[in-house]
Amino acid sequence: MSNKTYNDLLCETSEILVEATQADEAIFEAGATERTALQPLLSEIRIRYTVLLARLDTVYDQLLQPQKRIIVRRLLEGCLGRLIEIKHDLVELHLSDYTYDDDEALAKLQVTPFEAEPIVPQYFIRERKEEVNSRRQFVIDTLTKLGYEPPKPQPLVLTEQQAVLIIQSHERARQGRLRGQFMKEIRLLKEKGRDQKSEMSASAATAIQRVWRGFIARRETRRRKREEQLLIGMDLPPYTPSLALKRAEEVKEYRRTLQAERDKEYKEALDTIEEQLRKQHGVKINEQIGDELRRWISEYYERTERFPELPSEESGGSRAMYSRQGTGMDSELSKSPVSSKESKRSKESKDKKNNKSEENNKVKEEEEDINMYKCNASAFLKDLVNTNEEFEDIWKFKDNIEDPHERYYKDVVERDKMVKIEQEIRNVVDEMMRSELELLQAAYDRDRQIKSKKSKKPQKARRGGKKSKKKKEKDLTPDRTTESLFEELVSNGIIRPYPLTKIDDFVGEKCYVGSQWRSQGQEPTPCLGDIRQLIKEYCILPLGSEHVRMNAPLVRSVLISGPSGSGKKMLVHSVCTETGAMLFDLTPANIVGKYPGKSGLIMLIHLVMKVSRLLQPSVIWMDDAEKPFVKKIPKTDKTDPKRLKKDLVKIIKGICPEDRVIFIGTSKYPWDAEQKLLFQCYNKIIQIPKADYGSISMMWKTRLHRAGALSPRLDISCLARVSDSYTIGTLLAALDGVLTTKRRLQLRIRALTAHEVAVQLSSREPIYAEQEASAETWWYKTPLEKRRQKAIQMLLEMQQEGEEKDAKK
């Protein structure tokens, strides 16, 4: 696509963004609103920002103009942060992590449920591609030095007798094929001689024509039927990349190389233009600012008969003077600093006001109805609106007709650099003026025969609020480089390589009736597609952007629970893949015998926290997350799982908003742990449900299509019904067991049947009812689910009270 296409798309997106931000601001202006009325509004705005995120990601990925890309990046991160904020508002609104899309909002915006799922922006990995690849290669090279080799398929080792038997069977088969070919040639010669004796009759020729024409008609009908099904989406095309898709990807890659060239030109121009402007205007600006300040000082002295004090550089310097009104005795510049008594009084009055406000807030909270909800303040909305206004004012209609290749705008660079140069020169001139004023004041005091008082050092501005009680951690490895620490953790298996897995490979349908059920007062069961969306919103999207991570609601830790084969490790690997993160493995079985003793444990925690911050984004992973909190450890377990029990909370609480680090635990049996300690560690609990019919049928259709085993004779619906109560991992293992190399070669002759898969599944373990019951019982003990049940109970009590009052009336 051309440059005009992406510029037009950006302008359309800006207009849609105006509508979304206006609707968003209206919610904040309304204040506390009824939950039933607020839910569809928030759901609609969330879908709007999701669509905007996809559009802005496309534009940012392909737009060439470097200065426009900077503002598109700000819009993209603003939409991303606002999307996460709305997600947390919806969670508090429903008291559930699962926020299902409103059907009316989807119909109004003409968006499908899959389009309403947030995408992962491409710049998370694309702009760090070299860094991510170098780190991954460093891990592989370090493991290779240590003698570690990736597991290879074991070669087939045969005895002499087995080899002889295989050779004999192949030789007999070869001789049989030759004999069969020889006999076939003899038979054809006999039949040829027979046909030459009598001529073909007209009826025989007609019969042959009838059969052949019928065959051609049926083949053409099948072809047309398949084309029609492909057109309406009822059938899948062959799993081969088309030439059009390849060509489109090549064009995208070409535009990305042009992007890199434009960015390089722009960065070089920033330095060269700044140097030129300094040479041309630096001396002139210096003289102008100096003359202005000296004139102001002389006017001030004539009015007040004393010399002024220039504001500090932090408060704006001499520029702050021109924004203030007047320079007389009542000016803010000539006022003396506030006395300590006055400051104490102001503090006491502030404390009283704060106490009163806290009491009033408590009273209001008690009086507030449970049906009302007020959205939390946004850290992105204002910046999003301002950025969009800046785009519309400066960039929307700014087209450089002389340069169709989308290079940088020189006039914009010169304007920005002039502002920067002027500020830097002003700071230098201000410092020079402060020293001149000191000399003038000293000379003035000598002339007046006043004892010169020692110039007091400017007091540092006191920071408001209490000092943070958090102590700085001692650096136990101050003299070591990042590379040496990195190599040590890799050699000990704490940092480990992971398979590259996309989050969209976690196949699953979404719950389409969730919004309808909630409107009827029922809590729906989530599907695998909802789990995929949760992982994006809690782990991938905040971790991928530094700006979003610092300002969005903080999620330090996530616990993913589910039976074996449900995809827990795959989700962890997808988080690392989509964000380019390093994986730190603190699984109890992995740290056995490593860093022994109390001092070793302290060093291990220090290294993990230090290196994870240095190599951020990072994912700290613990498999079998329930084991550190198990009451009784089996005697057969020699992994010492309680080794990290006391330090886990410290590790997780030590993760700050500035740290792009997240702690993820995975567990098969979370109900075996002490629940209080478990819930203290993990902010969010995600339970992978049993695979539903829609997700299983989608998985079968996708996997069989990729393997080339999907045929009209294979009943996907029947296969999905047979596969019920099995995890997706078990089903994939069964499919691998069926589709051997020999069976794949036979697919063109003999299509795959559901019976073959069912036979393979019969030897595998399903999810038993007891395990499902244990998981359901444990889920009702999670903190958020307890809050939801408590809120439902309060609503029921309020309804009963209302009915009793109506009955009395």
# chains A, B, ... in the order shown; residues from 1 in each chain; ligands from 1

$ residues_around --residues "Leu543 of chain A" --least-positions-apart "3" --cutoff "9 Å" --atoms "only C-alpha atoms" --output "PyMOL selection string"
chain A and resi 538-540+546+548-549+575+579+581+617-618+660-662

$ residues_around --residues "Glu131 of chain A" --least-positions-apart "6" --cutoff "12 Å" --atoms "only C-alpha atoms" --output "PyMOL selection string"
chain A and resi 124-125+137-138+579-582+615-617

$ write_last_selection --atoms "C-alpha atoms" --output "PDB file, in the first residue's frame"
ATOM      1  CA  PHE A 124       7.179  -4.799  21.252  1.00  0.00           C
ATOM      2  CA  ILE A 125       9.542  -7.156  19.437  1.00  0.00           C
ATOM      3  CA  GLN A 137      22.058 -16.431  21.154  1.00  0.00           C
ATOM      4  CA  PHE A 138      24.127 -15.658  24.271  1.00  0.00           C
ATOM      5  CA  THR A 579       7.495  -9.246  24.919  1.00  0.00           C
ATOM      6  CA  GLY A 580      11.028 -10.505  24.220  1.00  0.00           C
ATOM      7  CA  ALA A 581      11.482 -11.187  27.954  1.00  0.00           C
ATOM      8  CA  MET A 582      14.101 -13.242  29.775  1.00  0.00           C
ATOM      9  CA  LEU A 615      17.647  -7.378  31.426  1.00  0.00           C
ATOM     10  CA  GLN A 616      14.037  -6.256  31.621  1.00  0.00           C
ATOM     11  CA  PRO A 617      11.422  -7.125  30.502  1.00  0.00           C
TER      12      PRO A 617
END

$ closest_residue --among "A:Arg721, A:Lys108, A:Arg210, A:Arg496" --to "Ala758 of chain A" --atoms "only C-alpha atoms"
A:Arg721

$ residues_around --residues "segment 77-93 of chain A" --least-positions-apart "6" --cutoff "6 Å" --atoms "only C-alpha atoms" --output "list in words"
Tyr49, Phe380, Leu384, Val548 and Ala552 of chain A

$ closest_residue --among "A:Ile560, A:Ile421, A:Leu586, A:Val757" --to "Ile535 of chain A" --atoms "only C-alpha atoms"
A:Ile560

$ select_by_dssp --residues "segment 603-713 of chain A" --states "alpha helix (DSSP H)" --output "ChimeraX atom specification"
/A:603-614,648-653,675-681,693-707

$ write_last_selection --atoms "C-alpha atoms" --output "PDB file, in the first residue's frame"
ATOM      1  CA  MET A 603      22.636 -14.501  46.856  1.00  0.00           C
ATOM      2  CA  LEU A 604      20.185 -16.343  44.585  1.00  0.00           C
ATOM      3  CA  ILE A 605      17.362 -13.888  45.305  1.00  0.00           C
ATOM      4  CA  HIS A 606      19.721 -10.928  44.893  1.00  0.00           C
ATOM      5  CA  LEU A 607      21.011 -12.194  41.539  1.00  0.00           C
ATOM      6  CA  VAL A 608      17.526 -12.923  40.195  1.00  0.00           C
ATOM      7  CA  MET A 609      16.159  -9.505  41.185  1.00  0.00           C
ATOM      8  CA  LYS A 610      19.232  -7.590  40.009  1.00  0.00           C
ATOM      9  CA  VAL A 611      19.625  -9.322  36.658  1.00  0.00           C
ATOM     10  CA  SER A 612      15.874  -9.300  35.978  1.00  0.00           C
ATOM     11  CA  ARG A 613      15.914  -5.497  36.339  1.00  0.00           C
ATOM     12  CA  LEU A 614      19.042  -5.160  34.195  1.00  0.00           C
ATOM     13  CA  LEU A 648       8.449 -15.135  47.896  1.00  0.00           C
ATOM     14  CA  VAL A 649       6.361 -12.267  49.275  1.00  0.00           C
ATOM     15  CA  LYS A 650       9.512 -10.081  49.521  1.00  0.00           C
ATOM     16  CA  ILE A 651      10.450 -10.888  45.918  1.00  0.00           C
ATOM     17  CA  ILE A 652       6.989  -9.995  44.614  1.00  0.00           C
ATOM     18  CA  LYS A 653       6.566  -6.865  46.754  1.00  0.00           C
ATOM     19  CA  GLN A 675      -4.609 -20.448  50.906  1.00  0.00           C
ATOM     20  CA  LYS A 676      -3.812 -17.347  52.952  1.00  0.00           C
ATOM     21  CA  LEU A 677      -0.109 -17.425  52.065  1.00  0.00           C
ATOM     22  CA  LEU A 678      -0.842 -18.326  48.444  1.00  0.00           C
ATOM     23  CA  PHE A 679      -3.189 -15.382  47.949  1.00  0.00           C
ATOM     24  CA  GLN A 680      -0.722 -13.026  49.648  1.00  0.00           C
ATOM     25  CA  CYS A 681       1.788 -13.785  46.883  1.00  0.00           C
ATOM     26  CA  TYR A 693     -17.071 -27.937  22.676  1.00  0.00           C
ATOM     27  CA  GLY A 694     -16.382 -24.815  20.590  1.00  0.00           C
ATOM     28  CA  SER A 695     -12.705 -24.636  21.587  1.00  0.00           C
ATOM     29  CA  ILE A 696     -12.151 -28.376  20.977  1.00  0.00           C
ATOM     30  CA  SER A 697     -13.802 -28.305  17.549  1.00  0.00           C
ATOM     31  CA  MET A 698     -11.772 -25.206  16.611  1.00  0.00           C
ATOM     32  CA  MET A 699      -8.572 -26.913  17.756  1.00  0.00           C
ATOM     33  CA  TRP A 700      -9.309 -30.062  15.751  1.00  0.00           C
ATOM     34  CA  LYS A 701     -10.199 -28.066  12.660  1.00  0.00           C
ATOM     35  CA  THR A 702      -7.045 -25.913  12.910  1.00  0.00           C
ATOM     36  CA  ARG A 703      -4.586 -28.708  13.653  1.00  0.00           C
ATOM     37  CA  LEU A 704      -5.982 -31.175  11.117  1.00  0.00           C
ATOM     38  CA  HIS A 705      -6.036 -28.456   8.481  1.00  0.00           C
ATOM     39  CA  ARG A 706      -2.350 -27.670   9.112  1.00  0.00           C
ATOM     40  CA  ALA A 707      -1.494 -31.377   8.948  1.00  0.00           C
TER      41      ALA A 707
END

$ residues_around --residues "Phe506 of chain A" --least-positions-apart "4" --cutoff "9 Å" --atoms "only C-alpha atoms" --output "list in words"
Thr501, Lys502, Leu528, Gly529, Arg532, Gly567, Met570, Leu571 and Ser574 of chain A

$ select_by_dssp --residues "segment 359-574 of chain A" --states "strand (DSSP E)" --output "PyMOL selection string"
chain A and resi 372-373+557-561

$ residues_around --residues "segment 281-296 of chain A" --least-positions-apart "6" --cutoff "7 Å" --atoms "only C-alpha atoms" --output "PyMOL selection string"
chain A and resi 422+425-426+429

$ write_last_selection --atoms "N, CA and C atoms" --output "PDB file, in the first residue's frame"
ATOM      1  N   GLU A 422      17.511  27.991  23.083  1.00  0.00           N
ATOM      2  CA  GLU A 422      17.200  29.189  23.858  1.00  0.00           C
ATOM      3  C   GLU A 422      17.139  28.880  25.352  1.00  0.00           C
ATOM      4  N   ILE A 425      20.733  28.289  26.681  1.00  0.00           N
ATOM      5  CA  ILE A 425      21.479  29.553  26.803  1.00  0.00           C
ATOM      6  C   ILE A 425      20.923  30.378  27.956  1.00  0.00           C
ATOM      7  N   ARG A 426      19.607  30.342  28.131  1.00  0.00           N
ATOM      8  CA  ARG A 426      18.997  31.094  29.231  1.00  0.00           C
ATOM      9  C   ARG A 426      19.495  30.588  30.585  1.00  0.00           C
ATOM     10  N   VAL A 429      22.997  32.010  31.051  1.00  0.00           N
ATOM     11  CA  VAL A 429      22.959  33.444  31.338  1.00  0.00           C
ATOM     12  C   VAL A 429      22.411  33.691  32.745  1.00  0.00           C
TER      13      VAL A 429
END

$ atom_distance --atom1 "atom CA of Arg255 of chain A" --atom2 "atom CA of Pro499 of chain A"
28.8 Å

$ residues_around --residues "Phe114 of chain A" --least-positions-apart "2" --cutoff "10 Å" --atoms "only C-alpha atoms" --output "PyMOL selection string"
chain A and resi 111-112+116-119+509-510+529+533

$ residues_around --residues "Ile686 of chain A" --least-positions-apart "2" --cutoff "9 Å" --atoms "only C-alpha atoms" --output "JSON, numbers by chain"
{"A": [97, 531, 534, 535, 558, 559, 560, 561, 562, 684, 688]}

$ atom_distance --atom1 "atom CA of Lys645 of chain A" --atom2 "atom CA of Pro689 of chain A"
27.6 Å
